[in-house]
$ cat model-v4.tsv   # TSV, C-alpha atoms and all ligand atoms
chain	number	residue	atom	x	y	z
U	146	MET	CA	-77.65	-226.34	-195.98
U	147	ILE	CA	-79.53	-229.56	-195.31
U	148	LYS	CA	-77.34	-232.55	-194.52
U	149	ILE	CA	-78.32	-235.97	-195.88
U	150	ALA	CA	-76.70	-239.41	-195.86
U	151	VAL	CA	-75.42	-240.77	-199.18
U	152	ALA	CA	-74.52	-244.37	-199.99
U	153	ASN	CA	-72.97	-244.77	-203.44
U	154	GLY	CA	-73.99	-248.42	-203.79
U	155	ASP	CA	-72.42	-251.17	-205.87
U	156	GLY	CA	-71.97	-251.78	-209.61
U	157	ILE	CA	-73.07	-248.70	-211.55
U	158	GLY	CA	-74.04	-247.01	-208.24
U	159	PRO	CA	-70.92	-244.82	-207.80
U	160	GLU	CA	-71.03	-243.70	-211.47
U	161	ILE	CA	-74.67	-242.61	-211.49
U	162	MET	CA	-74.42	-241.10	-207.99
U	163	GLU	CA	-71.46	-238.97	-209.11
U	164	ALA	CA	-73.41	-237.80	-212.16
U	165	VAL	CA	-76.45	-236.82	-210.06
U	166	LEU	CA	-74.46	-235.03	-207.36
U	167	THR	CA	-72.51	-233.16	-210.05
U	168	ILE	CA	-75.84	-231.94	-211.45
U	169	PHE	CA	-76.97	-230.93	-207.93
U	170	LYS	CA	-73.72	-229.03	-207.40
U	171	ALA	CA	-74.03	-227.18	-210.70
U	172	ALA	CA	-77.59	-226.19	-209.70
U	173	ASP	CA	-76.38	-224.91	-206.30
U	174	VAL	CA	-78.67	-227.30	-204.46
U	175	PRO	CA	-78.26	-226.43	-200.75
U	176	LEU	CA	-77.42	-229.96	-199.61
U	177	SER	CA	-74.35	-231.35	-197.89
U	178	TYR	CA	-73.53	-235.03	-197.83
U	179	GLU	CA	-72.28	-237.50	-195.29
U	180	TYR	CA	-71.14	-240.64	-197.11
U	181	VAL	CA	-72.00	-243.88	-195.30
U	182	ASP	CA	-70.53	-247.37	-195.59
U	183	MET	CA	-73.27	-249.58	-196.98
U	184	GLY	CA	-73.35	-252.22	-199.71
U	185	LYS	CA	-71.88	-255.51	-200.79
U	186	TRP	CA	-68.34	-254.42	-199.98
U	187	VAL	CA	-69.46	-253.84	-196.37
U	188	PHE	CA	-70.96	-257.34	-196.29
U	189	ASP	CA	-67.63	-258.64	-197.55
U	190	LYS	CA	-65.92	-256.96	-194.57
U	191	GLY	CA	-68.08	-259.07	-192.22
U	192	PHE	CA	-71.06	-256.80	-191.46
U	193	SER	CA	-74.00	-259.18	-191.80
U	194	ASN	CA	-76.59	-256.46	-192.49
U	195	GLY	CA	-74.48	-254.71	-195.15
U	196	MET	CA	-73.85	-251.51	-193.18
U	197	THR	CA	-71.51	-250.38	-190.43
U	198	ASP	CA	-72.80	-249.23	-187.02
U	199	GLU	CA	-71.60	-245.69	-187.88
U	200	ALA	CA	-73.60	-245.77	-191.13
U	201	LYS	CA	-76.75	-246.82	-189.26
U	202	ALA	CA	-76.27	-244.09	-186.63
U	203	THR	CA	-75.65	-241.41	-189.28
U	204	ILE	CA	-78.75	-242.34	-191.29
U	205	GLU	CA	-80.88	-242.34	-188.13
U	206	ALA	CA	-79.54	-238.94	-187.12
U	207	LEU	CA	-80.03	-237.32	-190.54
U	208	GLY	CA	-83.34	-238.97	-191.50
U	209	ILE	CA	-82.71	-239.00	-195.25
U	210	LEU	CA	-80.71	-241.57	-197.21
U	211	PHE	CA	-79.98	-241.10	-200.90
U	212	LYS	CA	-78.69	-244.42	-202.13
U	213	GLY	CA	-77.34	-246.12	-205.22
U	214	PRO	CA	-78.35	-249.70	-206.01
U	215	MET	CA	-76.82	-252.42	-203.85
U	216	GLU	CA	-75.97	-256.02	-204.56
U	217	THR	CA	-77.06	-258.74	-202.18
U	218	PRO	CA	-74.40	-261.46	-201.91
U	219	LYS	CA	-75.73	-264.77	-203.20
U	220	GLY	CA	-76.19	-267.69	-200.85
U	221	LYS	CA	-78.39	-268.97	-198.11
U	222	GLY	CA	-78.95	-266.96	-194.96
U	223	VAL	CA	-78.01	-263.58	-196.49
U	224	LYS	CA	-80.82	-261.01	-196.45
U	225	SER	CA	-81.09	-258.28	-199.08
U	226	ILE	CA	-79.55	-255.01	-197.84
U	227	ASN	CA	-82.43	-253.16	-199.43
U	228	VAL	CA	-85.09	-255.20	-197.65
U	229	THR	CA	-83.13	-254.95	-194.37
U	230	ALA	CA	-82.91	-251.16	-194.69
U	231	ARG	CA	-86.66	-250.84	-195.37
U	232	LYS	CA	-87.48	-253.02	-192.36
U	233	THR	CA	-84.93	-251.49	-189.98
U	234	TRP	CA	-86.37	-248.03	-190.51
U	235	ASN	CA	-89.99	-249.02	-191.15
U	236	THR	CA	-90.18	-247.26	-194.50
U	237	TYR	CA	-93.63	-248.69	-195.01
U	238	ALA	CA	-94.61	-246.99	-198.29
U	239	ASN	CA	-92.76	-247.31	-201.56
U	240	LYS	CA	-93.85	-244.54	-203.90
U	241	ARG	CA	-93.01	-244.88	-207.57
U	242	THR	CA	-94.04	-242.32	-210.16
U	243	PHE	CA	-94.20	-243.05	-213.87
U	244	GLN	CA	-94.58	-240.20	-216.33
U	245	THR	CA	-94.20	-239.78	-220.06
U	246	LEU	CA	-90.84	-238.21	-220.83
U	247	HIS	CA	-90.60	-236.49	-224.22
U	248	GLY	CA	-87.66	-237.91	-226.13
U	249	VAL	CA	-88.09	-241.36	-224.58
U	250	ASP	CA	-90.02	-243.27	-227.23
U	251	THR	CA	-92.55	-245.85	-226.14
U	252	VAL	CA	-95.60	-247.34	-227.85
U	253	PHE	CA	-97.73	-244.89	-225.84
U	254	SER	CA	-95.69	-241.77	-226.59
U	255	LYS	CA	-95.75	-242.65	-230.30
U	256	ALA	CA	-99.55	-242.96	-230.11
U	257	GLY	CA	-99.80	-239.62	-228.25
U	258	ILE	CA	-101.14	-241.26	-225.07
U	259	PRO	CA	-99.67	-239.52	-221.99
U	260	ILE	CA	-98.87	-241.56	-218.88
U	261	ASP	CA	-98.99	-240.20	-215.35
U	262	LEU	CA	-99.25	-242.95	-212.74
U	263	THR	CA	-98.23	-243.23	-209.12
U	264	ILE	CA	-97.87	-246.64	-207.52
U	265	VAL	CA	-97.78	-246.91	-203.73
U	266	ARG	CA	-96.49	-250.32	-202.73
U	267	GLU	CA	-96.60	-251.67	-199.18
U	268	ASN	CA	-92.93	-252.09	-198.34
U	269	ILE	CA	-92.56	-254.29	-195.26
U	270	GLU	CA	-95.10	-257.11	-195.04
U	271	ASP	CA	-96.44	-259.84	-197.33
U	272	THR	CA	-94.08	-262.66	-198.36
U	273	TYR	CA	-91.04	-260.38	-197.90
U	274	GLY	CA	-90.56	-261.62	-194.33
U	275	GLY	CA	-88.84	-264.56	-196.02
U	276	VAL	CA	-90.58	-266.97	-193.63
U	277	GLU	CA	-90.21	-270.15	-195.66
U	278	HIS	CA	-89.52	-273.75	-194.86
U	279	MET	CA	-89.50	-277.18	-196.45
U	280	LEU	CA	-92.41	-279.38	-195.39
U	281	SER	CA	-90.84	-282.33	-197.17
U	282	ASN	CA	-88.19	-282.71	-199.84
U	283	ASP	CA	-90.72	-281.74	-202.47
U	284	VAL	CA	-92.92	-279.22	-200.68
U	285	ALA	CA	-91.86	-275.68	-199.75
U	286	ILE	CA	-94.04	-273.34	-197.70
U	287	SER	CA	-93.92	-269.55	-197.60
U	288	ARG	CA	-95.91	-267.49	-195.12
U	289	ARG	CA	-97.62	-264.27	-196.06
U	290	PHE	CA	-98.24	-261.66	-193.37
U	291	ILE	CA	-100.69	-258.82	-193.90
U	292	THR	CA	-101.64	-256.82	-190.79
U	293	ARG	CA	-104.31	-254.17	-190.29
U	294	PRO	CA	-101.87	-251.61	-188.78
U	295	GLY	CA	-99.37	-252.28	-191.60
U	296	SER	CA	-102.09	-251.86	-194.22
U	297	GLU	CA	-103.44	-248.74	-192.50
U	298	GLN	CA	-100.13	-246.87	-192.51
U	299	VAL	CA	-99.41	-247.40	-196.22
U	300	ILE	CA	-103.01	-246.82	-197.34
U	301	ARG	CA	-103.26	-243.66	-195.22
U	302	TYR	CA	-100.03	-242.43	-196.85
U	303	ALA	CA	-101.46	-243.18	-200.34
U	304	PHE	CA	-104.64	-241.20	-199.62
U	305	GLU	CA	-102.73	-238.25	-198.14
U	306	MET	CA	-100.36	-238.21	-201.11
U	307	ALA	CA	-103.29	-238.45	-203.57
U	308	ARG	CA	-105.00	-235.53	-201.80
U	309	GLU	CA	-101.81	-233.46	-201.91
U	310	LYS	CA	-101.23	-234.09	-205.61
U	311	LYS	CA	-104.92	-233.30	-206.24
U	312	ALA	CA	-105.53	-236.70	-207.81
U	313	LYS	CA	-109.13	-237.49	-208.73
U	314	LYS	CA	-108.98	-241.21	-208.26
U	315	ILE	CA	-107.31	-243.82	-206.08
U	316	THR	CA	-107.44	-247.54	-206.83
U	317	CYS	CA	-106.64	-250.55	-204.66
U	318	GLY	CA	-105.12	-253.47	-206.60
U	319	HIS	CA	-105.57	-256.85	-204.89
U	320	LYS	CA	-106.38	-260.53	-205.18
U	321	ALA	CA	-108.98	-260.66	-202.41
U	322	ASN	CA	-111.14	-262.99	-204.49
U	323	ILE	CA	-108.55	-265.74	-203.84
U	324	MET	CA	-106.58	-264.60	-200.76
U	325	LYS	CA	-109.70	-263.65	-198.88
U	326	LEU	CA	-108.10	-263.09	-195.48
U	327	THR	CA	-104.78	-261.44	-196.32
U	328	ASP	CA	-105.81	-259.32	-199.29
U	329	GLY	CA	-109.21	-259.07	-197.59
U	330	ILE	CA	-107.68	-257.08	-194.70
U	331	PHE	CA	-105.88	-254.80	-197.16
U	332	LEU	CA	-109.02	-254.15	-199.23
U	333	ASN	CA	-111.31	-253.61	-196.23
U	334	THR	CA	-108.80	-251.19	-194.71
U	335	PHE	CA	-108.69	-249.32	-198.03
U	336	TYR	CA	-112.45	-248.73	-198.01
U	337	GLU	CA	-112.46	-247.84	-194.29
U	338	ILE	CA	-109.87	-245.11	-194.88
U	339	ALA	CA	-111.56	-244.00	-198.13
U	340	LYS	CA	-114.54	-242.74	-196.08
U	341	GLN	CA	-112.31	-239.98	-194.70
U	342	TYR	CA	-111.39	-238.73	-198.19
U	343	PRO	CA	-114.76	-238.10	-199.89
U	344	GLU	CA	-113.21	-235.87	-202.55
U	345	LEU	CA	-111.30	-238.85	-203.97
U	346	GLU	CA	-113.04	-241.47	-206.08
U	347	ALA	CA	-111.94	-244.77	-204.50
U	348	ASN	CA	-112.30	-248.05	-206.33
U	349	ASP	CA	-110.65	-251.46	-206.47
U	350	ILE	CA	-109.56	-253.92	-209.12
U	351	ILE	CA	-108.24	-257.48	-209.16
U	352	VAL	CA	-104.53	-257.33	-209.87
U	353	ASP	CA	-104.51	-259.43	-213.04
U	354	ASP	CA	-107.26	-257.27	-214.57
U	355	LEU	CA	-105.26	-254.23	-213.44
U	356	CYS	CA	-102.22	-255.45	-215.42
U	357	MET	CA	-104.26	-255.89	-218.59
U	358	LYS	CA	-105.96	-252.49	-218.24
U	359	LEU	CA	-102.68	-250.71	-217.47
U	360	VAL	CA	-101.27	-251.99	-220.74
U	361	MET	CA	-104.40	-251.25	-222.77
U	362	ARG	CA	-105.70	-248.03	-221.17
U	363	PRO	CA	-103.24	-246.59	-218.62
U	364	GLY	CA	-105.25	-243.34	-218.50
U	365	MET	CA	-107.91	-245.17	-216.44
U	366	PHE	CA	-105.65	-244.93	-213.38
U	367	ASP	CA	-104.05	-242.23	-211.28
U	368	VAL	CA	-102.84	-243.42	-207.83
U	369	ILE	CA	-102.75	-247.20	-207.24
U	370	VAL	CA	-102.02	-248.81	-203.86
U	371	LEU	CA	-101.00	-252.47	-203.60
U	372	THR	CA	-99.53	-255.06	-201.26
U	373	ASN	CA	-95.78	-255.68	-201.41
U	374	LEU	CA	-95.26	-258.43	-204.02
U	375	GLN	CA	-98.12	-257.37	-206.28
U	376	GLY	CA	-96.87	-253.76	-206.05
U	377	ASP	CA	-93.36	-254.84	-206.98
U	378	ILE	CA	-94.54	-256.59	-210.13
U	379	VAL	CA	-97.06	-253.94	-211.18
U	380	SER	CA	-94.52	-251.14	-210.74
U	381	ASP	CA	-92.04	-252.85	-213.08
U	382	LEU	CA	-94.88	-253.18	-215.58
U	383	CYS	CA	-95.45	-249.42	-215.24
U	384	ALA	CA	-91.72	-248.78	-215.73
U	385	GLY	CA	-92.10	-250.56	-219.07
U	386	LEU	CA	-94.90	-248.16	-220.04
U	387	VAL	CA	-92.60	-245.12	-219.77
U	388	GLY	CA	-89.41	-246.54	-221.30
U	389	GLY	CA	-87.95	-249.03	-218.84
U	390	LEU	CA	-86.10	-249.20	-215.55
U	391	GLY	CA	-83.75	-246.37	-216.55
U	392	PHE	CA	-86.70	-243.99	-215.93
U	393	ALA	CA	-88.21	-245.43	-212.75
U	394	PRO	CA	-87.57	-243.51	-209.50
U	395	SER	CA	-88.65	-244.55	-206.03
U	396	ALA	CA	-89.06	-243.16	-202.54
U	397	ASN	CA	-89.26	-245.37	-199.45
U	398	ILE	CA	-91.30	-243.36	-196.97
U	399	GLY	CA	-91.29	-243.87	-193.20
U	400	ASP	CA	-92.29	-241.63	-190.31
U	401	ASN	CA	-88.67	-240.94	-189.27
U	402	ILE	CA	-86.50	-241.98	-192.20
U	403	CYS	CA	-86.98	-241.80	-195.97
U	404	ILE	CA	-84.81	-243.54	-198.54
U	405	PHE	CA	-84.62	-242.31	-202.13
U	406	GLU	CA	-83.24	-244.66	-204.79
U	407	ALA	CA	-83.72	-245.81	-208.39
U	408	VAL	CA	-85.87	-248.89	-208.96
U	409	HIS	CA	-83.16	-250.62	-211.01
U	410	GLY	CA	-80.29	-252.71	-209.66
U	411	THR	CA	-76.51	-252.56	-209.90
U	412	ALA	CA	-76.40	-253.48	-213.62
U	413	PRO	CA	-73.22	-255.59	-213.26
U	414	ASP	CA	-73.09	-256.11	-217.04
U	415	ILE	CA	-72.27	-252.42	-217.65
U	416	ALA	CA	-70.64	-251.44	-214.34
U	417	GLY	CA	-67.35	-249.53	-214.46
U	418	LYS	CA	-67.84	-248.41	-218.09
U	419	ASN	CA	-69.38	-244.97	-217.43
U	420	ILE	CA	-72.27	-245.75	-219.79
U	421	ALA	CA	-75.18	-246.19	-217.34
U	422	ASN	CA	-78.26	-244.02	-217.56
U	423	PRO	CA	-78.45	-241.78	-214.45
U	424	THR	CA	-82.04	-240.61	-215.11
U	425	ALA	CA	-83.83	-242.90	-212.64
U	426	LEU	CA	-81.49	-241.89	-209.80
U	427	LEU	CA	-81.81	-238.23	-210.85
U	428	LEU	CA	-85.64	-238.48	-210.78
U	429	SER	CA	-85.38	-240.12	-207.33
U	430	GLY	CA	-83.14	-237.22	-206.28
U	431	LEU	CA	-85.73	-234.73	-207.56
U	432	ALA	CA	-88.42	-236.47	-205.47
U	433	MET	CA	-86.04	-236.08	-202.51
U	434	LEU	CA	-85.58	-232.34	-203.18
U	435	GLN	CA	-89.38	-231.93	-203.29
U	436	HIS	CA	-89.70	-233.91	-200.07
U	437	LEU	CA	-87.21	-231.49	-198.49
U	438	GLY	CA	-89.19	-228.51	-199.78
U	439	LEU	CA	-86.54	-227.54	-202.36
U	440	TYR	CA	-89.17	-227.13	-205.09
U	441	GLY	CA	-87.37	-224.41	-207.07
U	442	LYS	CA	-84.17	-226.43	-207.45
U	443	ALA	CA	-86.16	-229.56	-208.31
U	444	ALA	CA	-88.05	-227.67	-211.04
U	445	LEU	CA	-84.84	-226.14	-212.46
U	446	ILE	CA	-83.19	-229.55	-212.82
U	447	GLU	CA	-86.34	-231.31	-214.03
U	448	ASN	CA	-86.86	-228.75	-216.80
U	449	ALA	CA	-83.23	-229.14	-217.88
U	450	LEU	CA	-83.58	-232.94	-217.89
U	451	LEU	CA	-86.78	-232.82	-219.96
U	452	TYR	CA	-85.23	-230.43	-222.48
U	453	THR	CA	-82.09	-232.58	-222.67
U	454	LEU	CA	-84.20	-235.65	-223.48
U	455	GLU	CA	-86.30	-233.69	-226.00
U	456	GLN	CA	-83.09	-232.69	-227.80
U	457	GLY	CA	-82.49	-236.39	-228.47
U	458	ASN	CA	-79.65	-236.79	-225.99
U	459	HIS	CA	-79.51	-240.33	-224.69
U	460	THR	CA	-77.34	-242.97	-223.07
U	461	GLY	CA	-76.86	-246.34	-224.76
U	462	ASP	CA	-79.92	-248.02	-223.22
U	463	PHE	CA	-82.58	-245.89	-224.99
U	464	GLY	CA	-83.27	-243.30	-227.66
U	465	ASP	CA	-82.64	-242.85	-231.35
U	466	LYS	CA	-79.79	-245.16	-232.33
U	467	SER	CA	-78.94	-242.89	-235.29
U	468	ILE	CA	-77.79	-240.25	-232.76
U	469	PRO	CA	-74.57	-241.34	-231.00
U	470	ALA	CA	-75.09	-242.28	-227.34
U	471	LEU	CA	-73.57	-240.10	-224.61
U	472	ASN	CA	-71.74	-241.67	-221.70
U	473	THR	CA	-72.91	-241.04	-218.12
U	474	THR	CA	-70.68	-238.00	-217.60
U	475	GLN	CA	-71.56	-236.45	-220.96
U	476	PHE	CA	-75.28	-236.97	-220.29
U	477	ALA	CA	-74.97	-235.19	-216.93
U	478	ASP	CA	-73.02	-232.36	-218.62
U	479	ALA	CA	-75.74	-232.04	-221.28
U	480	ILE	CA	-78.33	-231.54	-218.51
U	481	ILE	CA	-76.15	-228.94	-216.78
U	482	ALA	CA	-75.71	-227.07	-220.07
U	483	ASN	CA	-79.51	-226.71	-220.23
U	484	PHE	CA	-79.99	-224.94	-216.87
U	501	LIG	P1	-80.58	-254.61	-212.91
U	501	LIG	O1	-81.66	-253.60	-212.78
U	501	LIG	O2	-79.31	-254.32	-212.25
U	501	LIG	O3	-80.27	-254.84	-214.48
U	501	LIG	C1	-81.25	-255.31	-215.42
U	501	LIG	C2	-80.86	-254.81	-216.83
U	501	LIG	O4	-81.12	-253.41	-216.92
U	501	LIG	C3	-79.37	-255.00	-217.15
U	501	LIG	O5	-79.24	-255.31	-218.52
U	501	LIG	C4	-78.78	-253.63	-216.89
U	501	LIG	O6	-77.62	-253.34	-217.66
U	501	LIG	C5	-79.92	-252.70	-217.25
U	501	LIG	N1	-79.89	-251.47	-216.46
U	501	LIG	C6	-80.27	-251.33	-215.14
U	501	LIG	N2	-80.09	-250.08	-214.76
U	501	LIG	C7	-79.59	-249.39	-215.80
U	501	LIG	C8	-79.18	-248.04	-215.99
U	501	LIG	N3	-79.27	-247.11	-215.04
U	501	LIG	N4	-78.68	-247.68	-217.20
U	501	LIG	C9	-78.61	-248.58	-218.20
U	501	LIG	N5	-78.98	-249.88	-218.10
U	501	LIG	C10	-79.46	-250.28	-216.89
U	501	LIG	O7	-81.19	-256.00	-212.41
U	501	LIG	P2	-80.47	-257.38	-212.03
U	501	LIG	O8	-79.40	-257.68	-213.03
U	501	LIG	O9	-81.58	-258.33	-211.83
U	501	LIG	O10	-79.82	-257.12	-210.61
U	501	LIG	C11	-78.42	-256.89	-210.40
U	501	LIG	C12	-78.16	-256.69	-208.91
U	501	LIG	O11	-78.86	-255.54	-208.44
U	501	LIG	C13	-78.62	-257.87	-208.01
U	501	LIG	O12	-77.61	-258.10	-207.05
U	501	LIG	C14	-79.87	-257.36	-207.34
U	501	LIG	O13	-80.07	-257.92	-206.06
U	501	LIG	C15	-79.54	-255.87	-207.21
U	501	LIG	N6	-80.74	-254.99	-207.11
U	501	LIG	C16	-80.66	-253.96	-206.25
U	501	LIG	C17	-81.72	-253.07	-206.16
U	501	LIG	C18	-81.61	-251.92	-205.20
U	501	LIG	O14	-80.54	-251.65	-204.68
U	501	LIG	N7	-82.70	-251.21	-204.92
U	501	LIG	C19	-82.86	-253.23	-206.97
U	501	LIG	C20	-82.88	-254.28	-207.88
U	501	LIG	C21	-81.81	-255.18	-207.95
$ encode --input "model-v4.tsv" --output "structure tokens"
Amino acid sequence: MIKIAVANGDGIGPEIMEAVLTIFKAADVPLSYEYVDMGKWVFDKGFSNGMTDEAKATIEALGILFKGPMETPKGKGVKSINVTARKTWNTYANKRTFQTLHGVDTVFSKAGIPIDLTIVRENIEDTYGGVEHMLSNDVAISRRFITRPGSEQVIRYAFEMAREKKAKKITCGHKANIMKLTDGIFLNTFYEIAKQYPELEANDIIVDDLCMKLVMRPGMFDVIVLTNLQGDIVSDLCAGLVGGLGFAPSANIGDNICIFEAVHGTAPDIAGKNIANPTALLLSGLAMLQHLGLYGKAALIENALLYTLEQGNHTGDFGDKSIPALNTTQFADAIIANF
């Protein structure tokens, strides 16, 4: 048994987490869970970083956190729990994979164009330091930090991952034509590291051109590495290519701690109704099983998920509206029935 930390999260978090862990249990996945106190409700109890000291210690001891989405309380001076977690544990690479799923109709699937993209987003630097101030009543300034060591660690990860998945090509998205120093460091570092991976075709593209080409010809790309904010925006664009946020998993990779979570948020509009789509969290969970070397279990569940989608099963947020939608629990049960 491998022990991992689990945080249910807020909003739809507990519902989709229960669905995913029920699927894991039915598949006899050899994991045990230590639930940790983390989320908006922990903020509300007075913990300013959204987690208790015990939660932090448990996550650091176990090294893996599987988490549901978490709400950041609104208001000045409150930092996002998600951003805090990524910074606290230096999870410097955010890996998001986007693949065509049969049964999830998109303009590309209808045209028979398969999608298989991996975005690696720098996860710590850029404008996410939140270093902003007012210069006058009408002028606000935000500082953008890009460092060579920070760029190196995420770009190195992207190349290693591309080598492991036997990708042919790796692309750096950037805006170095305008932000010559900050994006310049990122781009130069990319080409420095590329020299050590001669088997991979390395190229670069300006981020706005990248967005247009992703929408017109997604097959041009394989692995794409970007700075934090640009990576955030481009990965939501890619989620749209494969059917939306309900199908977008993510892994926050650090040297000591990795966090696996869905890209989407707490969906407050549908929370508590047991109608959320658990697929993105399940796909994040499958990436976690692969990370832990549990390839057989990951393949068993993935095949069942793909077959379940192909059968036309769907939750209310996608799929053929002429087939009645399943609720979260029924959708999980349909996957289990296909093991
Ligand atoms: P959201 O992703 O929660 O919701 C956007 C839309 O997508 C909503 O209509 C929602 O119902 C729908 N949706 C999202 N996930 C779904 C699912 N699994 N099944 C079906 N429909 C789904 O984005 P938001 O409304 O901008 O954010 C709500 C809260 O989530 C905010 O507090 C935000 O800070 C937080 N958030 C957390 C994370 C995270 O924990 N990693 C990520 C993004 C947003």
$ residues_near_ligand --input "model-v4.tsv" --ligand "ligand LIG 501 (chain U)" --cutoff "7 Å" --atoms "all atoms listed in the file" --output "list in words"
Gly213, Pro214, Met215, Glu216, Thr217, Pro218, Asn227, Leu390, Gly391, Glu406, Ala407, Val408, His409, Gly410, Thr411, Ala412, Pro413, Asp414, Ile415, Ala421, Asn422, Pro423, Ala425 and Asp462 of chain U
$ closest_residue --input "model-v4.tsv" --among "U:Thr372, U:Thr327, U:Gln298, U:Asn282" --to "Thr236 (chain U)" --atoms "all atoms listed in the file"
U:Gln298
$ atom_distance --input "model-v4.tsv" --atom1 "CA of Glu270 (chain U)" --atom2 "CA of Lys232 (chain U)"
9.1 Å
$ residues_around --input "model-v4.tsv" --residues "region 373-378 of chain U" --least-positions-apart "5" --cutoff "7 Å" --atoms "all atoms listed in the file" --output "VMD selection string"
chain U and resid 266 to 268 270 to 271
$ write_last_selection --input "model-v4.tsv" --atoms "C-alpha atoms" --output "compact mmCIF listing (two decimals), in the coordinates of the input"
# COMPACT_ATOMS: atom_id res chain seq x y z
CA ARG U 266 -96.49 -250.32 -202.73
CA GLU U 267 -96.60 -251.67 -199.18
CA ASN U 268 -92.93 -252.09 -198.34
CA GLU U 270 -95.10 -257.11 -195.04
CA ASP U 271 -96.44 -259.84 -197.33
$ atom_distance --input "model-v4.tsv" --atom1 "CA of Ala230 (chain U)" --atom2 "CA of Phe392 (chain U)"
22.7 Å
$ closest_residue --input "model-v4.tsv" --among "U:Gly388, U:Ala393, U:Glu346, U:Ala443" --to "Asp173 (chain U)" --atoms "only C-alpha atoms"
U:Ala443
$ closest_residue --input "model-v4.tsv" --among "U:Ile226, U:Ala171, U:Leu345, U:Leu359" --to "Thr197 (chain U)" --atoms "only C-alpha atoms"
U:Ile226
$ closest_residue --input "model-v4.tsv" --among "U:Ile338, U:Ser467, U:Gly441, U:Met365" --to "Pro175 (chain U)" --atoms "only C-alpha atoms"
U:Gly441
